[in-house]
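For reference, start.pdb is printed below; it contains PDB, C-alpha atoms.
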ATOM      1  CA  MET A   1     -33.808  19.153  38.957
ATOM      2  CA  LYS A   2     -30.268  18.621  37.632
ATOM      3  CA  LYS A   3     -31.400  15.372  36.048
ATOM      4  CA  ILE A   4     -34.275  17.109  34.257
ATOM      5  CA  ILE A   5     -31.992  19.872  32.940
ATOM      6  CA  SER A   6     -29.490  17.290  31.804
ATOM      7  CA  ALA A   7     -32.243  15.274  30.086
ATOM      8  CA  ILE A   8     -33.523  18.407  28.312
ATOM      9  CA  LYS A   9     -29.969  19.227  27.262
ATOM     10  CA  GLU A  10     -29.476  15.720  25.894
ATOM     11  CA  PHE A  11     -32.847  15.891  24.135
ATOM     12  CA  LEU A  12     -32.021  19.206  22.448
ATOM     13  CA  TYR A  13     -28.539  17.993  21.601
ATOM     14  CA  GLY A  14     -30.027  14.854  20.036
ATOM     15  CA  MET A  15     -32.554  16.901  18.084
ATOM     16  CA  ALA A  16     -29.863  19.173  16.739
ATOM     17  CA  TYR A  17     -27.137  16.673  16.045
ATOM     18  CA  HIS A  18     -28.692  13.251  15.478
ATOM     19  CA  ASP A  19     -29.256  13.701  11.756
ATOM     20  CA  THR A  20     -25.902  15.365  11.221
ATOM     21  CA  THR A  21     -24.139  12.551  13.080
ATOM     22  CA  ARG A  22     -26.003   9.939  11.050
ATOM     23  CA  PHE A  23     -25.089  11.707   7.833
ATOM     24  CA  ALA A  24     -21.438  11.994   8.889
ATOM     25  CA  LEU A  25     -21.341   8.289   9.789
ATOM     26  CA  LYS A  26     -22.883   7.345   6.459
ATOM     27  CA  THR A  27     -20.444   9.529   4.515
ATOM     28  CA  ARG A  28     -17.518   8.179   6.496
ATOM     29  CA  SER A  29     -18.580   4.605   5.803
ATOM     30  CA  SER A  30     -18.947   5.347   2.067
ATOM     31  CA  MET A  31     -15.497   6.908   2.012
ATOM     32  CA  GLU A  32     -14.034   3.904   3.804
ATOM     33  CA  HIS A  33     -15.582   1.602   1.211
ATOM     34  CA  LEU A  34     -14.312   3.803  -1.596
ATOM     35  CA  PHE A  35     -10.854   3.599  -0.052
ATOM     36  CA  ILE A  36     -10.978  -0.212   0.025
ATOM     37  CA  LEU A  37     -12.255  -0.231  -3.561
ATOM     38  CA  ILE A  38      -9.328   1.795  -4.869
ATOM     39  CA  THR A  39      -6.755  -0.118  -2.853
ATOM     40  CA  MET A  40      -8.121  -3.669  -2.937
ATOM     41  CA  GLY A  41     -10.610  -3.551  -5.798
ATOM     42  CA  ASP A  42      -9.004  -6.555  -7.471
ATOM     43  CA  MET A  43     -10.656  -8.707  -4.787
ATOM     44  CA  LEU A  44     -13.860  -8.088  -6.757
ATOM     45  CA  GLY A  45     -12.225  -8.039 -10.154
ATOM     46  CA  VAL A  46     -11.775  -4.263 -10.412
ATOM     47  CA  PRO A  47      -8.291  -3.766 -11.848
ATOM     48  CA  ILE A  48      -6.014  -1.602  -9.728
ATOM     49  CA  LEU A  49      -2.285  -0.938  -9.559
ATOM     50  CA  PRO A  50      -0.030  -3.882  -8.673
ATOM     51  CA  PRO A  51      -1.149  -4.815  -5.185
ATOM     52  CA  TYR A  52       2.302  -4.566  -3.635
ATOM     53  CA  TYR A  53       1.509  -1.511  -1.514
ATOM     54  CA  SER A  54      -2.126  -2.566  -1.085
ATOM     55  CA  LEU A  55      -0.845  -5.615   0.729
ATOM     56  CA  ARG A  56       0.844  -3.330   3.231
ATOM     57  CA  LEU A  57      -2.544  -1.779   4.001
ATOM     58  CA  LEU A  58      -4.405  -5.095   4.033
ATOM     59  CA  PRO A  59      -3.833  -5.940   7.735
ATOM     60  CA  TYR A  60      -5.696  -2.775   8.790
ATOM     61  CA  THR A  61      -8.684  -3.320   6.519
ATOM     62  CA  VAL A  62      -9.325  -6.991   7.354
ATOM     63  CA  PRO A  63     -12.352  -6.296   9.636
ATOM     64  CA  GLN A  64     -14.052  -4.176   6.944
ATOM     65  CA  ILE A  65     -13.562  -6.524   3.992
ATOM     66  CA  LYS A  66     -16.716  -8.605   4.612
ATOM     67  CA  THR A  67     -19.006  -5.587   5.010
ATOM     68  CA  TRP A  68     -17.401  -3.897   2.030
ATOM     69  CA  LYS A  69     -17.929  -6.927  -0.212
ATOM     70  CA  ARG A  70     -21.532  -7.272   0.934
ATOM     71  CA  ARG A  71     -22.190  -3.592   0.267
ATOM     72  CA  MET A  72     -20.539  -3.653  -3.140
ATOM     73  CA  LEU A  73     -22.234  -6.812  -4.342
ATOM     74  CA  ARG A  74     -25.746  -6.459  -2.964
ATOM     75  CA  GLU A  75     -28.608  -5.686  -5.285
ATOM     76  CA  ARG A  76     -29.842  -2.114  -5.231
ATOM     77  CA  ASP A  77     -33.135  -0.460  -6.020
ATOM     78  CA  PHE A  78     -34.614   3.044  -5.792
ATOM     79  CA  THR A  79     -35.452   2.659  -2.070
ATOM     80  CA  ASP A  80     -31.719   2.792  -1.335
ATOM     81  CA  THR A  81     -31.755   6.471  -2.168
ATOM     82  CA  LEU A  82     -34.315   7.083   0.584
ATOM     83  CA  ALA A  83     -32.279   5.415   3.325
TER      84      ALA A  83
ATOM     85  CA  MET B   1      24.175  -9.697 -13.479
ATOM     86  CA  SER B   2      25.442 -13.244 -13.094
ATOM     87  CA  ASP B   3      26.127 -13.218 -16.851
ATOM     88  CA  ILE B   4      28.126  -9.983 -16.724
ATOM     89  CA  PHE B   5      30.370 -11.092 -13.911
ATOM     90  CA  GLU B   6      30.303 -14.790 -14.862
ATOM     91  CA  ARG B   7      29.478 -15.721 -11.297
ATOM     92  CA  ASP B   8      26.324 -17.005  -9.703
ATOM     93  CA  LEU B   9      25.024 -13.957  -7.809
ATOM     94  CA  PHE B  10      21.305 -14.736  -7.846
ATOM     95  CA  GLY B  11      19.760 -14.329  -4.399
ATOM     96  CA  LYS B  12      23.148 -14.402  -2.687
ATOM     97  CA  GLY B  13      23.017 -10.857  -1.268
ATOM     98  CA  GLU B  14      25.932  -8.452  -1.571
ATOM     99  CA  VAL B  15      28.916 -10.159  -3.162
ATOM    100  CA  GLU B  16      32.300  -8.449  -3.489
ATOM    101  CA  ILE B  17      33.463  -8.773  -7.097
ATOM    102  CA  ILE B  18      36.704  -6.823  -6.768
ATOM    103  CA  PRO B  19      37.770  -4.531  -3.909
ATOM    104  CA  ASN B  20      35.200  -1.743  -3.589
ATOM    105  CA  LEU B  21      32.828  -3.192  -6.178
ATOM    106  CA  PHE B  22      29.856  -5.096  -4.873
ATOM    107  CA  ALA B  23      27.103  -6.720  -6.886
ATOM    108  CA  GLN B  24      23.714  -8.069  -5.937
ATOM    109  CA  GLU B  25      21.168  -9.940  -8.022
ATOM    110  CA  LEU B  26      17.793  -9.762  -6.339
ATOM    111  CA  ASP B  27      15.534 -12.746  -5.898
ATOM    112  CA  ALA B  28      12.101 -11.188  -6.444
ATOM    113  CA  ASP B  29      10.207 -14.411  -5.716
ATOM    114  CA  LEU B  30      11.846 -14.727  -2.325
ATOM    115  CA  LYS B  31      11.178 -11.047  -1.583
ATOM    116  CA  ILE B  32       7.471 -11.495  -2.443
ATOM    117  CA  LYS B  33       7.272 -14.680  -0.364
ATOM    118  CA  ASN B  34       8.824 -12.974   2.677
ATOM    119  CA  PHE B  35       6.625  -9.932   2.182
ATOM    120  CA  GLN B  36       3.469 -12.070   2.076
ATOM    121  CA  GLU B  37       4.611 -13.871   5.211
ATOM    122  CA  ASP B  38       5.076 -10.497   6.951
ATOM    123  CA  VAL B  39       1.523  -9.498   5.992
ATOM    124  CA  ARG B  40       0.141 -12.778   7.380
ATOM    125  CA  ARG B  41       2.114 -12.345  10.614
ATOM    126  CA  LYS B  42       0.878  -8.775  11.005
ATOM    127  CA  ILE B  43      -2.768  -9.827  10.566
ATOM    128  CA  LYS B  44      -2.385 -12.629  13.103
ATOM    129  CA  ASN B  45      -0.738 -10.315  15.640
ATOM    130  CA  LEU B  46      -3.241  -7.487  15.148
ATOM    131  CA  TYR B  47      -6.353  -9.605  15.619
ATOM    132  CA  GLY B  48      -4.981 -12.447  17.750
ATOM    133  CA  ILE B  49      -6.018 -15.126  15.279
ATOM    134  CA  SER B  50      -4.139 -18.299  14.442
ATOM    135  CA  GLU B  51      -5.531 -18.684  10.935
ATOM    136  CA  ILE B  52      -6.026 -16.096   8.224
ATOM    137  CA  PRO B  53      -9.641 -15.880   6.919
ATOM    138  CA  SER B  54      -9.886 -17.769   3.637
ATOM    139  CA  GLU B  55     -10.841 -14.777   1.442
ATOM    140  CA  ILE B  56      -7.865 -12.797   2.772
ATOM    141  CA  GLU B  57      -5.531 -15.760   2.351
ATOM    142  CA  ASP B  58      -6.727 -16.216  -1.240
ATOM    143  CA  TYR B  59      -6.070 -12.552  -1.945
ATOM    144  CA  ILE B  60      -2.555 -12.727  -0.502
ATOM    145  CA  LYS B  61      -1.792 -15.863  -2.516
ATOM    146  CA  ALA B  62      -3.240 -14.446  -5.737
ATOM    147  CA  SER B  63      -1.289 -11.202  -5.380
ATOM    148  CA  SER B  64       2.004 -12.906  -6.231
ATOM    149  CA  ALA B  65       0.648 -13.729  -9.687
ATOM    150  CA  GLU B  66      -0.505 -10.162 -10.406
ATOM    151  CA  PRO B  67       1.245  -8.327 -13.252
ATOM    152  CA  ALA B  68       4.139  -6.066 -12.226
ATOM    153  CA  MET B  69       4.206  -7.538  -8.718
ATOM    154  CA  GLU B  70       7.715  -8.828  -9.321
ATOM    155  CA  GLU B  71       8.907  -5.430 -10.594
ATOM    156  CA  SER B  72       7.372  -3.713  -7.567
ATOM    157  CA  ALA B  73       9.161  -6.116  -5.239
ATOM    158  CA  ILE B  74      12.490  -5.457  -6.974
ATOM    159  CA  PHE B  75      11.873  -1.732  -6.822
ATOM    160  CA  ASP B  76      11.173  -1.981  -3.108
ATOM    161  CA  SER B  77      14.367  -3.974  -2.563
ATOM    162  CA  VAL B  78      16.419  -1.426  -4.486
ATOM    163  CA  VAL B  79      14.942   1.408  -2.422
ATOM    164  CA  ASP B  80      15.901  -0.534   0.724
ATOM    165  CA  ILE B  81      19.473  -0.929  -0.540
ATOM    166  CA  VAL B  82      19.785   2.759  -1.427
ATOM    167  CA  LEU B  83      18.259   3.901   1.862
ATOM    168  CA  LYS B  84      20.544   1.587   3.825
ATOM    169  CA  GLY B  85      23.484   3.417   2.275
ATOM    170  CA  GLY B  86      27.099   2.421   2.638
ATOM    171  CA  TYR B  87      28.135   2.877  -1.005
ATOM    172  CA  ASP B  88      29.383   5.838  -3.006
ATOM    173  CA  TYR B  89      27.566   5.015  -6.245
ATOM    174  CA  TYR B  90      24.723   2.731  -7.203
ATOM    175  CA  ILE B  91      24.477   1.120 -10.630
ATOM    176  CA  TYR B  92      21.028  -0.226 -11.266
ATOM    177  CA  ASP B  93      21.063  -2.778 -14.053
ATOM    178  CA  LEU B  94      17.662  -2.632 -15.696
ATOM    179  CA  VAL B  95      15.869  -4.640 -18.318
ATOM    180  CA  PRO B  96      16.001  -3.500 -22.012
ATOM    181  CA  LEU B  97      15.023   0.105 -22.764
ATOM    182  CA  GLY B  98      11.277  -0.058 -23.396
ATOM    183  CA  HIS B  99      10.678  -2.086 -20.265
ATOM    184  CA  ALA B 100      13.122   0.063 -18.296
ATOM    185  CA  LEU B 101      11.272   3.263 -19.160
ATOM    186  CA  TYR B 102       7.956   1.675 -18.296
ATOM    187  CA  TYR B 103       9.518   0.410 -15.099
ATOM    188  CA  LEU B 104      10.858   3.829 -14.094
ATOM    189  CA  SER B 105       7.564   5.538 -14.914
ATOM    190  CA  MET B 106       5.899   3.133 -12.502
ATOM    191  CA  ALA B 107       7.469   5.133  -9.663
ATOM    192  CA  SER B 108       5.618   8.296 -10.635
ATOM    193  CA  ILE B 109       2.348   6.380 -11.036
ATOM    194  CA  TYR B 110       2.764   4.906  -7.559
ATOM    195  CA  ASP B 111       3.625   8.360  -6.302
ATOM    196  CA  ALA B 112       0.385   9.850  -7.663
ATOM    197  CA  TRP B 113      -1.676   6.903  -6.428
ATOM    198  CA  ILE B 114      -0.277   7.084  -2.902
ATOM    199  CA  GLU B 115      -0.823  10.846  -2.861
ATOM    200  CA  LYS B 116      -4.485  10.408  -3.852
ATOM    201  CA  ILE B 117      -5.280   7.664  -1.367
ATOM    202  CA  SER B 118      -3.476   9.535   1.395
ATOM    203  CA  LYS B 119      -5.716  12.536   0.765
ATOM    204  CA  LEU B 120      -8.804  10.330   0.895
ATOM    205  CA  ARG B 121      -7.550   8.789   4.129
ATOM    206  CA  GLU B 122      -6.999  12.245   5.620
ATOM    207  CA  GLU B 123     -10.605  13.120   4.736
ATOM    208  CA  ILE B 124     -11.796   9.935   6.468
ATOM    209  CA  HIS B 125      -9.761  10.828   9.532
ATOM    210  CA  LYS B 126     -11.342  14.295   9.599
ATOM    211  CA  TYR B 127     -14.784  12.662   9.622
ATOM    212  CA  ASP B 128     -13.646  10.410  12.482
ATOM    213  CA  LYS B 129     -12.776  13.457  14.527
ATOM    214  CA  VAL B 130     -16.072  15.215  13.760
ATOM    215  CA  ILE B 131     -18.124  12.109  14.574
ATOM    216  CA  ALA B 132     -16.245  11.587  17.841
ATOM    217  CA  LYS B 133     -16.902  15.216  18.787
ATOM    218  CA  MET B 134     -20.609  14.941  17.984
ATOM    219  CA  LYS B 135     -20.946  11.731  19.954
ATOM    220  CA  LYS B 136     -18.875  13.252  22.763
ATOM    221  CA  GLU B 137     -16.430  10.393  22.531
ATOM    222  CA  GLU B 138     -12.684  10.341  22.900
ATOM    223  CA  THR B 139     -11.011  11.300  19.633
ATOM    224  CA  SER B 140      -8.516   8.862  18.323
ATOM    225  CA  THR B 141      -5.544  10.788  17.025
ATOM    226  CA  GLU B 142      -4.182   7.772  15.218
ATOM    227  CA  ASP B 143      -5.163   6.244  11.929
ATOM    228  CA  GLN B 144      -2.981   3.212  11.340
ATOM    229  CA  ILE B 145      -3.666   3.198   7.595
ATOM    230  CA  LEU B 146      -2.673   6.851   7.313
ATOM    231  CA  ASP B 147       0.484   6.113   9.307
ATOM    232  CA  GLU B 148       1.313   3.231   6.965
ATOM    233  CA  LEU B 149       0.728   5.468   3.934
ATOM    234  CA  MET B 150       3.050   8.098   5.389
ATOM    235  CA  ASP B 151       5.614   5.362   5.878
ATOM    236  CA  ILE B 152       5.286   4.283   2.234
ATOM    237  CA  LYS B 153       5.572   7.932   1.181
ATOM    238  CA  LEU B 154       8.843   8.228   3.073
ATOM    239  CA  LEU B 155      10.144   5.320   1.059
ATOM    240  CA  GLU B 156       8.982   6.727  -2.272
ATOM    241  CA  PRO B 157      11.473   5.455  -4.794
ATOM    242  CA  GLN B 158      11.284   8.531  -6.987
ATOM    243  CA  GLU B 159      12.500  10.964  -4.399
ATOM    244  CA  ASN B 160      14.923   8.692  -2.661
ATOM    245  CA  MET B 161      16.592   7.310  -5.728
ATOM    246  CA  GLY B 162      16.762  10.555  -7.660
ATOM    247  CA  LEU B 163      14.722   9.164 -10.526
ATOM    248  CA  ASP B 164      12.748  12.349 -11.046
ATOM    249  CA  GLY B 165      15.230  14.332 -13.066
ATOM    250  CA  CYS B 166      17.769  14.750 -10.278
ATOM    251  CA  SER B 167      21.225  15.599 -11.640
ATOM    252  CA  LEU B 168      22.783  12.797  -9.605
ATOM    253  CA  ALA B 169      20.976  10.099 -11.573
ATOM    254  CA  LYS B 170      21.944   9.118 -15.099
ATOM    255  CA  LEU B 171      20.487   6.580 -17.458
ATOM    256  CA  TYR B 172      22.967   4.788 -19.731
ATOM    257  CA  GLN B 173      22.261   2.285 -22.446
ATOM    258  CA  VAL B 174      24.749  -0.556 -22.523
ATOM    259  CA  CYS B 175      24.801  -3.348 -25.081
ATOM    260  CA  ILE B 176      26.352  -6.606 -24.054
ATOM    261  CA  GLU B 177      26.782  -9.773 -26.014
ATOM    262  CA  LYS B 178      24.370 -12.461 -24.960
ATOM    263  CA  SER B 179      26.133 -15.434 -23.411
ATOM    264  CA  SER B 180      26.489 -18.221 -25.932
ATOM    265  CA  ASP B 181      25.166 -21.003 -23.688
ATOM    266  CA  LYS B 182      21.645 -19.463 -23.610
TER     267      LYS B 182
END

Target format structure tokens, applied to this file:
Amino acid sequence: MKKIISAIKEFLYGMAYHDTTRFALKTRSSMEHLFILITMGDMLGVPILPPYYSLRLLPYTVPQIKTWKRRMLRERDFTDTLA
Amino acid sequence: MSDIFERDLFGKGEVEIIPNLFAQELDADLKIKNFQEDVRRKIKNLYGISEIPSEIEDYIKASSAEPAMEESAIFDSVVDIVLKGGYDYYIYDLVPLGHALYYLSMASIYDAWIEKISKLREEIHKYDKVIAKMKKEETSTEDQILDELMDIKLLEPQENMGLDGCSLAKLYQVCIEKSSDK
């Protein structure tokens, strides 16, 4: 019985929060990429301030650089707005 | 500086000219080189790798050739000297006027930039907390990038060197004869 109640709870929780969580994750990821763009944009040729302080932040952004570059440089079409 | 005191002071650290007067001519290239090495070491330690990924290495190498990188490195060194303390007065020998003003205004630009990106980082951290709550995960109270930004903020040259209109700082123009051998 406990298992069923717990499953129902999880189901309702998922129904209520799944979309919100997805949206929050997407927004967070966009903000992270915006952050890398304004701190390390010169990697892609976007001029930014002298990268002296950016270099101090570089060690913490290393894992995201590849994904960020891929996201920034990939081709986009109208279907992206639906995702 | 070496010209003024007719002694080779370049990159030699603090040199006593006369009792109670010390001079230092900063080696910006060395500062940048050491700084880049620190960044490499930090990356290797953080991720347990022996070699820096090529795109990151290229970025680190290219950064030394970026405009105003040298000035930023000197600024950082001067802030370090002032924060270290130990002297009653600091005389900062700058480049000719136009460049000096541009150079000093750089501090306020950095200030605004760091303020903006810190705010963005705080927003990101808020999202982290919300997402962790929704996913019923443990919330991480630490954001290393935000911590680093706070650390940079603490070292803000403007506030610490009194360059923002503080009555303790004065800007003098001094004309000296150029040495004849140059």

Q.
Using all atoms listed in the file and a distance of at most 8 Å, pull out the residues of chain B that contact chain A, as a ChimeraX atom specification.
A. /B:36,39-40,42-43,46,56,59-60,63,66-69,72-73,110,117,120-121,124,127-128,130-131,134-135,144-145,148-149,152

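Atom CA of Lys69 of chain A lies 9.8 Å from atom CA of Gly41 of chain A.
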
Q. Do you have the atom CA of Arg71 of chain A-atom CA of Lys61 of chain B distance handy?
A.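 Separation between atom CA of Arg71 of chain A and atom CA of Lys61 of chain B: 24.0 Å.
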
**Q.** Answer key for the PyMOL selection byres ((chain B and resi 111-115) around 8), residues as a PyMOL selection string
**A.** chain B and resi 107-110+116-119+149+153+156+158

Any chance you can output those residues with C-alpha atoms as a JSON list (two decimals), in the frame of the given file?
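And here's part01.json as it stands now:
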[["chain", "number", "residue", "atom", "x", "y", "z"],
["B", 107, "ALA", "CA", 7.47, 5.13, -9.66],
["B", 108, "SER", "CA", 5.62, 8.30, -10.64],
["B", 109, "ILE", "CA", 2.35, 6.38, -11.04],
["B", 110, "TYR", "CA", 2.76, 4.91, -7.56],
["B", 116, "LYS", "CA", -4.49, 10.41, -3.85],
["B", 117, "ILE", "CA", -5.28, 7.66, -1.37],
["B", 118, "SER", "CA", -3.48, 9.54, 1.40],
["B", 119, "LYS", "CA", -5.72, 12.54, 0.76],
["B", 149, "LEU", "CA", 0.73, 5.47, 3.93],
["B", 153, "LYS", "CA", 5.57, 7.93, 1.18],
["B", 156, "GLU", "CA", 8.98, 6.73, -2.27],
["B", 158, "GLN", "CA", 11.28, 8.53, -6.99]]

Q: Give me the residues within 8 Å of segment 22-28 of chain B as JSON, numbers by chain, counting all atoms listed in the file and dropping any in the same chain fewer than 5 places off.
A: {"B": [1, 2, 9, 10, 11, 12, 13, 14, 15, 16, 17, 70, 71, 73, 74, 77]}

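What separates atom CA of Glu123 of chain B from atom CA of His33 of chain A is a distance of 13.0 Å.
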